[in-house]
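What follows is the content of data-v8.pdb, which has PDB, C-alpha atoms:
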MODEL        1
ATOM      1  CA  MET G  59     -26.626   4.458   6.853  1.00  0.00           C
ATOM      2  CA  GLU G  60     -25.294   5.701  10.186  1.00  0.00           C
ATOM      3  CA  PHE G  61     -21.687   5.669   8.989  1.00  0.00           C
ATOM      4  CA  SER G  62     -22.195   8.269   6.275  1.00  0.00           C
ATOM      5  CA  LYS G  63     -24.157  10.576   8.598  1.00  0.00           C
ATOM      6  CA  THR G  64     -21.454  10.812  11.246  1.00  0.00           C
ATOM      7  CA  SER G  65     -19.198  13.302   9.484  1.00  0.00           C
ATOM      8  CA  LYS G  66     -18.793  15.255   6.317  1.00  0.00           C
ATOM      9  CA  SER G  67     -15.040  15.368   6.887  1.00  0.00           C
ATOM     10  CA  PHE G  68     -13.500  12.370   5.170  1.00  0.00           C
ATOM     11  CA  ASN G  69      -9.990  13.369   4.242  1.00  0.00           C
ATOM     12  CA  LEU G  70      -6.290  12.843   4.877  1.00  0.00           C
ATOM     13  CA  ASN G  71      -3.836  15.334   6.285  1.00  0.00           C
ATOM     14  CA  ARG G  72      -1.475  16.055   3.389  1.00  0.00           C
ATOM     15  CA  THR G  73       1.620  16.640   5.555  1.00  0.00           C
ATOM     16  CA  THR G  74       1.180  13.400   7.479  1.00  0.00           C
ATOM     17  CA  TYR G  75       0.522  11.458   4.280  1.00  0.00           C
ATOM     18  CA  VAL G  76       3.555  12.949   2.494  1.00  0.00           C
ATOM     19  CA  ASN G  77       5.766  12.076   5.481  1.00  0.00           C
ATOM     20  CA  LEU G  78       4.474   8.501   5.552  1.00  0.00           C
ATOM     21  CA  ARG G  79       5.156   8.202   1.826  1.00  0.00           C
ATOM     22  CA  TRP G  80       8.746   9.458   2.326  1.00  0.00           C
ATOM     23  CA  ILE G  81       9.270   6.778   4.972  1.00  0.00           C
ATOM     24  CA  ALA G  82       7.957   4.139   2.544  1.00  0.00           C
ATOM     25  CA  ILE G  83      10.140   5.434  -0.324  1.00  0.00           C
ATOM     26  CA  ILE G  84      13.275   5.464   1.828  1.00  0.00           C
ATOM     27  CA  GLY G  85      12.473   1.945   3.052  1.00  0.00           C
ATOM     28  CA  GLN G  86      11.993   0.720  -0.511  1.00  0.00           C
ATOM     29  CA  LEU G  87      15.291   2.234  -1.647  1.00  0.00           C
ATOM     30  CA  ILE G  88      17.190   0.810   1.336  1.00  0.00           C
ATOM     31  CA  THR G  89      15.719  -2.635   0.656  1.00  0.00           C
ATOM     32  CA  ILE G  90      16.513  -2.558  -3.080  1.00  0.00           C
ATOM     33  CA  PHE G  91      20.082  -1.330  -2.546  1.00  0.00           C
ATOM     34  CA  SER G  92      20.693  -3.790   0.310  1.00  0.00           C
ATOM     35  CA  VAL G  93      19.520  -6.775  -1.713  1.00  0.00           C
ATOM     36  CA  GLN G  94      21.513  -5.711  -4.790  1.00  0.00           C
ATOM     37  CA  PHE G  95      24.750  -4.421  -3.258  1.00  0.00           C
ATOM     38  CA  LEU G  96      25.066  -5.908   0.244  1.00  0.00           C
ATOM     39  CA  LEU G  97      23.602  -9.349  -0.368  1.00  0.00           C
ATOM     40  CA  ASN G  98      24.711  -9.403  -4.033  1.00  0.00           C
ATOM     41  CA  PHE G  99      21.444 -10.951  -5.164  1.00  0.00           C
ATOM     42  CA  LYS G 100      21.021 -10.312  -8.849  1.00  0.00           C
ATOM     43  CA  PHE G 101      17.737  -8.929 -10.111  1.00  0.00           C
ATOM     44  CA  ASN G 102      16.581  -6.055 -12.280  1.00  0.00           C
ATOM     45  CA  TYR G 103      17.020  -3.357  -9.661  1.00  0.00           C
ATOM     46  CA  ILE G 104      17.088  -0.555 -12.262  1.00  0.00           C
ATOM     47  CA  ILE G 105      13.404  -1.127 -13.056  1.00  0.00           C
ATOM     48  CA  CYS G 106      12.629  -1.103  -9.324  1.00  0.00           C
ATOM     49  CA  ILE G 107      14.465   2.197  -8.874  1.00  0.00           C
ATOM     50  CA  LEU G 108      12.519   3.699 -11.807  1.00  0.00           C
ATOM     51  CA  ILE G 109       9.251   2.606 -10.206  1.00  0.00           C
ATOM     52  CA  ILE G 110      10.314   4.150  -6.895  1.00  0.00           C
ATOM     53  CA  PHE G 111      11.360   7.303  -8.782  1.00  0.00           C
ATOM     54  CA  LEU G 112       7.735   7.685  -9.973  1.00  0.00           C
ATOM     55  CA  SER G 113       6.671   7.665  -6.320  1.00  0.00           C
ATOM     56  CA  ILE G 114       9.292  10.311  -5.539  1.00  0.00           C
ATOM     57  CA  ILE G 115       7.932  12.519  -8.347  1.00  0.00           C
ATOM     58  CA  SER G 116       4.331  12.069  -7.199  1.00  0.00           C
ATOM     59  CA  ASN G 117       5.308  12.808  -3.604  1.00  0.00           C
ATOM     60  CA  LEU G 118       7.168  15.973  -4.610  1.00  0.00           C
ATOM     61  CA  TYR G 119       4.109  17.048  -6.602  1.00  0.00           C
ATOM     62  CA  LEU G 120       1.848  16.325  -3.643  1.00  0.00           C
ATOM     63  CA  ASN G 121       4.163  18.212  -1.297  1.00  0.00           C
ATOM     64  CA  PHE G 122       4.818  21.332  -3.388  1.00  0.00           C
ATOM     65  CA  LYS G 123       1.979  21.681  -5.912  1.00  0.00           C
ATOM     66  CA  VAL G 124      -1.087  20.640  -3.917  1.00  0.00           C
ATOM     67  CA  LYS G 125      -1.881  23.584  -1.655  1.00  0.00           C
ATOM     68  CA  GLU G 126      -4.730  22.202   0.456  1.00  0.00           C
ATOM     69  CA  ASN G 127      -3.567  20.693   3.726  1.00  0.00           C
ATOM     70  CA  GLN G 128      -6.516  18.280   3.789  1.00  0.00           C
ATOM     71  CA  LEU G 129      -6.721  15.951   0.787  1.00  0.00           C
ATOM     72  CA  ASN G 130     -10.348  15.290  -0.112  1.00  0.00           C
ATOM     73  CA  ASN G 131     -11.722  11.768  -0.291  1.00  0.00           C
ATOM     74  CA  PHE G 132     -11.365  11.457  -4.090  1.00  0.00           C
ATOM     75  CA  LEU G 133      -7.765  12.702  -4.246  1.00  0.00           C
ATOM     76  CA  SER G 134      -6.806  10.568  -1.236  1.00  0.00           C
ATOM     77  CA  THR G 135      -8.287   7.474  -2.874  1.00  0.00           C
ATOM     78  CA  LEU G 136      -6.418   8.272  -6.084  1.00  0.00           C
ATOM     79  CA  TYR G 137      -3.045   8.614  -4.342  1.00  0.00           C
ATOM     80  CA  LEU G 138      -3.586   5.507  -2.207  1.00  0.00           C
ATOM     81  CA  SER G 139      -4.514   3.561  -5.367  1.00  0.00           C
ATOM     82  CA  PHE G 140      -1.262   4.749  -6.926  1.00  0.00           C
ATOM     83  CA  ASP G 141       0.630   3.525  -3.846  1.00  0.00           C
ATOM     84  CA  ILE G 142      -1.007   0.100  -4.125  1.00  0.00           C
ATOM     85  CA  LEU G 143      -0.223  -0.162  -7.844  1.00  0.00           C
ATOM     86  CA  GLN G 144       3.369   0.958  -7.244  1.00  0.00           C
ATOM     87  CA  LEU G 145       3.843  -1.710  -4.585  1.00  0.00           C
ATOM     88  CA  GLY G 146       2.189  -4.307  -6.814  1.00  0.00           C
ATOM     89  CA  ILE G 147       4.604  -3.540  -9.657  1.00  0.00           C
ATOM     90  CA  LEU G 148       7.594  -3.671  -7.289  1.00  0.00           C
ATOM     91  CA  PHE G 149       6.422  -7.047  -5.993  1.00  0.00           C
ATOM     92  CA  PHE G 150       5.926  -8.282  -9.574  1.00  0.00           C
ATOM     93  CA  PHE G 151       9.634  -7.721 -10.256  1.00  0.00           C
ATOM     94  CA  THR G 152      10.808  -9.038  -6.864  1.00  0.00           C
ATOM     95  CA  GLY G 153       9.125 -12.368  -6.189  1.00  0.00           C
ATOM     96  CA  GLY G 154       5.413 -11.638  -6.305  1.00  0.00           C
ATOM     97  CA  ILE G 155       3.480 -13.279  -3.518  1.00  0.00           C
ATOM     98  CA  THR G 156       6.672 -14.987  -2.232  1.00  0.00           C
ATOM     99  CA  ASN G 157       8.280 -11.630  -1.387  1.00  0.00           C
ATOM    100  CA  PRO G 158       8.488 -11.437   2.426  1.00  0.00           C
ATOM    101  CA  PHE G 159       7.302  -7.807   2.326  1.00  0.00           C
ATOM    102  CA  ILE G 160       4.040  -8.640   0.500  1.00  0.00           C
ATOM    103  CA  PHE G 161       1.961  -7.891   3.609  1.00  0.00           C
ATOM    104  CA  LEU G 162       2.833  -4.184   3.200  1.00  0.00           C
ATOM    105  CA  ILE G 163       0.394  -3.976   0.296  1.00  0.00           C
ATOM    106  CA  ILE G 164      -2.533  -3.887   2.739  1.00  0.00           C
ATOM    107  CA  ILE G 165      -1.346  -0.724   4.545  1.00  0.00           C
ATOM    108  CA  PRO G 166      -2.970   1.860   2.202  1.00  0.00           C
ATOM    109  CA  ALA G 167      -6.405   0.237   2.582  1.00  0.00           C
ATOM    110  CA  VAL G 168      -6.077  -0.074   6.357  1.00  0.00           C
ATOM    111  CA  PHE G 169      -4.930   3.554   6.511  1.00  0.00           C
ATOM    112  CA  SER G 170      -7.863   4.714   4.377  1.00  0.00           C
ATOM    113  CA  SER G 171     -10.432   2.752   6.356  1.00  0.00           C
ATOM    114  CA  GLN G 172     -10.089   5.090   9.329  1.00  0.00           C
ATOM    115  CA  TYR G 173     -10.116   8.392   7.467  1.00  0.00           C
ATOM    116  CA  LEU G 174     -11.996   8.021   4.175  1.00  0.00           C
ATOM    117  CA  LYS G 175     -15.486   7.058   3.092  1.00  0.00           C
ATOM    118  CA  ILE G 176     -16.376   3.397   3.079  1.00  0.00           C
ATOM    119  CA  TYR G 177     -16.599   3.197  -0.732  1.00  0.00           C
ATOM    120  CA  SER G 178     -12.955   4.343  -0.908  1.00  0.00           C
ATOM    121  CA  SER G 179     -11.984   1.424   1.294  1.00  0.00           C
ATOM    122  CA  ILE G 180     -14.027  -0.925  -0.889  1.00  0.00           C
ATOM    123  CA  ILE G 181     -12.208   0.344  -4.002  1.00  0.00           C
ATOM    124  CA  LEU G 182      -8.787  -0.049  -2.374  1.00  0.00           C
ATOM    125  CA  VAL G 183      -9.564  -3.490  -0.938  1.00  0.00           C
ATOM    126  CA  SER G 184     -10.800  -4.666  -4.357  1.00  0.00           C
ATOM    127  CA  LEU G 185      -7.652  -3.332  -6.035  1.00  0.00           C
ATOM    128  CA  ILE G 186      -5.442  -5.118  -3.499  1.00  0.00           C
ATOM    129  CA  ILE G 187      -7.302  -8.412  -3.929  1.00  0.00           C
ATOM    130  CA  ILE G 188      -6.919  -8.231  -7.722  1.00  0.00           C
ATOM    131  CA  ILE G 189      -3.201  -7.447  -7.441  1.00  0.00           C
ATOM    132  CA  VAL G 190      -2.633 -10.228  -4.900  1.00  0.00           C
ATOM    133  CA  PHE G 191      -4.319 -12.748  -7.212  1.00  0.00           C
ATOM    134  CA  ILE G 192      -2.213 -11.578 -10.162  1.00  0.00           C
ATOM    135  CA  LEU G 193       0.983 -11.744  -8.078  1.00  0.00           C
ATOM    136  CA  THR G 194       0.147 -15.306  -7.063  1.00  0.00           C
ATOM    137  CA  PHE G 195       0.489 -16.520 -10.650  1.00  0.00           C
ATOM    138  CA  TYR G 196       2.611 -13.946 -12.478  1.00  0.00           C
ATOM    139  CA  TYR G 197       5.902 -12.626 -11.123  1.00  0.00           C
ATOM    140  CA  PHE G 198       9.659 -12.669 -11.558  1.00  0.00           C
ATOM    141  CA  ASN G 199      11.610 -14.902  -9.214  1.00  0.00           C
ATOM    142  CA  LEU G 200      12.471 -13.730  -5.734  1.00  0.00           C
ATOM    143  CA  PRO G 201      16.040 -12.360  -5.794  1.00  0.00           C
ATOM    144  CA  HIS G 202      18.387 -15.068  -4.566  1.00  0.00           C
ATOM    145  CA  PRO G 203      22.114 -15.798  -4.370  1.00  0.00           C
ATOM    146  CA  GLY G 204      23.818 -17.539  -7.285  1.00  0.00           C
ATOM    147  CA  GLU G 205      22.208 -20.775  -8.383  1.00  0.00           C
ATOM    148  CA  LEU G 206      20.081 -21.227  -5.273  1.00  0.00           C
ATOM    149  CA  HIS G 207      16.399 -20.953  -6.151  1.00  0.00           C
ATOM    150  CA  PHE G 208      13.670 -20.355  -3.591  1.00  0.00           C
ATOM    151  CA  HIS G 209      10.813 -22.723  -4.419  1.00  0.00           C
ATOM    152  CA  VAL G 210       7.508 -22.442  -2.606  1.00  0.00           C
ATOM    153  CA  PRO G 211       5.195 -25.479  -2.548  1.00  0.00           C
ATOM    154  CA  ASP G 212       1.831 -24.864  -4.210  1.00  0.00           C
ATOM    155  CA  TYR G 213      -0.212 -25.254  -1.022  1.00  0.00           C
ATOM    156  CA  TYR G 214       1.929 -22.600   0.663  1.00  0.00           C
ATOM    157  CA  LEU G 215       1.840 -20.374  -2.420  1.00  0.00           C
ATOM    158  CA  PHE G 216      -1.970 -20.350  -2.300  1.00  0.00           C
ATOM    159  CA  ALA G 217      -2.093 -19.944   1.483  1.00  0.00           C
ATOM    160  CA  ILE G 218      -0.201 -16.628   1.345  1.00  0.00           C
ATOM    161  CA  PRO G 219      -2.832 -14.693  -0.669  1.00  0.00           C
ATOM    162  CA  ILE G 220      -5.639 -16.196   1.384  1.00  0.00           C
ATOM    163  CA  SER G 221      -3.980 -15.051   4.617  1.00  0.00           C
ATOM    164  CA  ILE G 222      -3.349 -11.585   3.161  1.00  0.00           C
ATOM    165  CA  ILE G 223      -6.969 -11.216   2.062  1.00  0.00           C
ATOM    166  CA  ILE G 224      -8.335 -12.406   5.420  1.00  0.00           C
ATOM    167  CA  SER G 225      -6.001 -10.007   7.248  1.00  0.00           C
ATOM    168  CA  LEU G 226      -6.962  -7.188   4.890  1.00  0.00           C
ATOM    169  CA  LEU G 227     -10.701  -7.667   5.416  1.00  0.00           C
ATOM    170  CA  PHE G 228     -10.313  -8.030   9.179  1.00  0.00           C
ATOM    171  CA  LEU G 229      -8.128  -4.918   9.585  1.00  0.00           C
ATOM    172  CA  VAL G 230     -10.179  -2.752   7.220  1.00  0.00           C
ATOM    173  CA  TYR G 231     -13.392  -3.724   8.998  1.00  0.00           C
ATOM    174  CA  PHE G 232     -11.936  -2.687  12.340  1.00  0.00           C
ATOM    175  CA  GLY G 233     -10.454   0.466  10.797  1.00  0.00           C
ATOM    176  CA  VAL G 234     -13.895   1.457   9.495  1.00  0.00           C
ATOM    177  CA  LYS G 235     -15.506   0.777  12.885  1.00  0.00           C
ATOM    178  CA  PHE G 236     -12.829   2.671  14.843  1.00  0.00           C
ATOM    179  CA  GLY G 237     -12.946   5.557  12.366  1.00  0.00           C
ATOM    180  CA  GLU G 238     -16.727   5.719  12.697  1.00  0.00           C
ATOM    181  CA  GLU G 239     -16.530   5.758  16.497  1.00  0.00           C
ATOM    182  CA  SER G 240     -13.838   8.421  16.400  1.00  0.00           C
ATOM    183  CA  ARG G 241     -15.961  10.654  14.157  1.00  0.00           C
ATOM    184  CA  ILE G 242     -18.978  10.195  16.461  1.00  0.00           C
ATOM    185  CA  ARG G 243     -16.870  11.203  19.480  1.00  0.00           C
ATOM    186  CA  GLN G 244     -15.417  14.177  17.594  1.00  0.00           C
ATOM    187  CA  LYS G 245     -18.898  15.307  16.600  1.00  0.00           C
ATOM    188  CA  ALA G 246     -20.017  15.055  20.246  1.00  0.00           C
ATOM    189  CA  TYR G 247     -16.976  17.046  21.402  1.00  0.00           C
ATOM    190  CA  ASP G 248     -17.674  19.686  18.783  1.00  0.00           C
ATOM    191  CA  LYS G 249     -21.243  20.147  20.055  1.00  0.00           C
TER     192      LYS G 249
ENDMDL
END

Rewritten as structure tokens:
Amino acid sequence: MEFSKTSKSFNLNRTTYVNLRWIAIIGQLITIFSVQFLLNFKFNYIICILIIFLSIISNLYLNFKVKENQLNNFLSTLYLSFDILQLGILFFFTGGITNPFIFLIIIPAVFSSQYLKIYSSIILVSLIIIIVFILTFYYFNLPHPGELHFHVPDYYLFAIPISIIISLLFLVYFGVKFGEESRIRQKAYDK
């Protein structure tokens, strides 16, 4: 397969990845605190903060204990899988598939598709699809004000995961192709 011959360097830059994770963690905390304290929507925000705290711990570990600046393919896949699971659990407690931020769950797979081996992308895409299906049927209600309840019609509820999966496959495919072309160019420049 031409893709696997193009480069032996399938890895993520640790510093870049840690910085991206800090941006995601800060965004998650801002969102949770805004919904709870500014909008006064009641939900179990303590559990959400504990889940985010696990990401903070893993990011601190990655930043200070892992010495290599390039994370190998296996370790990168492991951390990206953790990110997907963490987001899936957050979405479970905050509306599941009806959460307006649900599209963010595809970012780790799209990110990996450009830098990691194709089987890593397949693993991450499969994990996302499983989580999206679970979140379609099992979740706590979307945080809402007072007695108002956000009800999504069934046809719309099933359209959301389908659109996420189509977008995921489309973006990962193009990420793999662009990553492959980039590695071919880099190999040519190196020669």

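Residues matched by the PyMOL selection byres ((chain G and resi 70-87) around 8) in this file: Phe68, Asn69, Ile88, Thr89, Ile90, Phe91, Ile107, Ile110, Ser113, Ile114, Asn117, Leu120, Asn121, Glu126, Asn127, Gln128, Leu129, Asn130, Asn131, Ser134, Tyr173 and Leu174 of chain G.
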
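Atom pair CA of Ile142 in chain G / CA of Thr156 in chain G: separated by 17.0 Å.
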
Matched chain/residue IDs from the PyMOL selection byres ((chain G and resi 149-153) around 10), as an NGL selection string:
:G and (90 or 101-103 or 105-106 or 143-148 or 154-160 or 163 or 189-190 or 192-202 or 208)

Applying the PyMOL selection byres ((chain G and resi 167) around 10) to the file I just gave you, which residues come out? Please list them as a PyMOL selection string.
chain G and resi 135+138-139+142+163-166+168-172+174+178-186+226-227+229-230+233

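Rounded to one decimal, CA of Ser221 in chain G and CA of Ile187 in chain G lie 11.3 Å from each other.
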
Can you measure CA of Ile222 in chain G to CA of Phe191 in chain G for me? One decimal in Å is fine.
10.5 Å

Could you check which of G:Ile176, G:Ile188, G:Leu215, G:Val210 is closest to Tyr231 in chain G, using all atoms listed in the file?
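With all atoms listed in the file as the atom set, the closest residue is G:Ile176.
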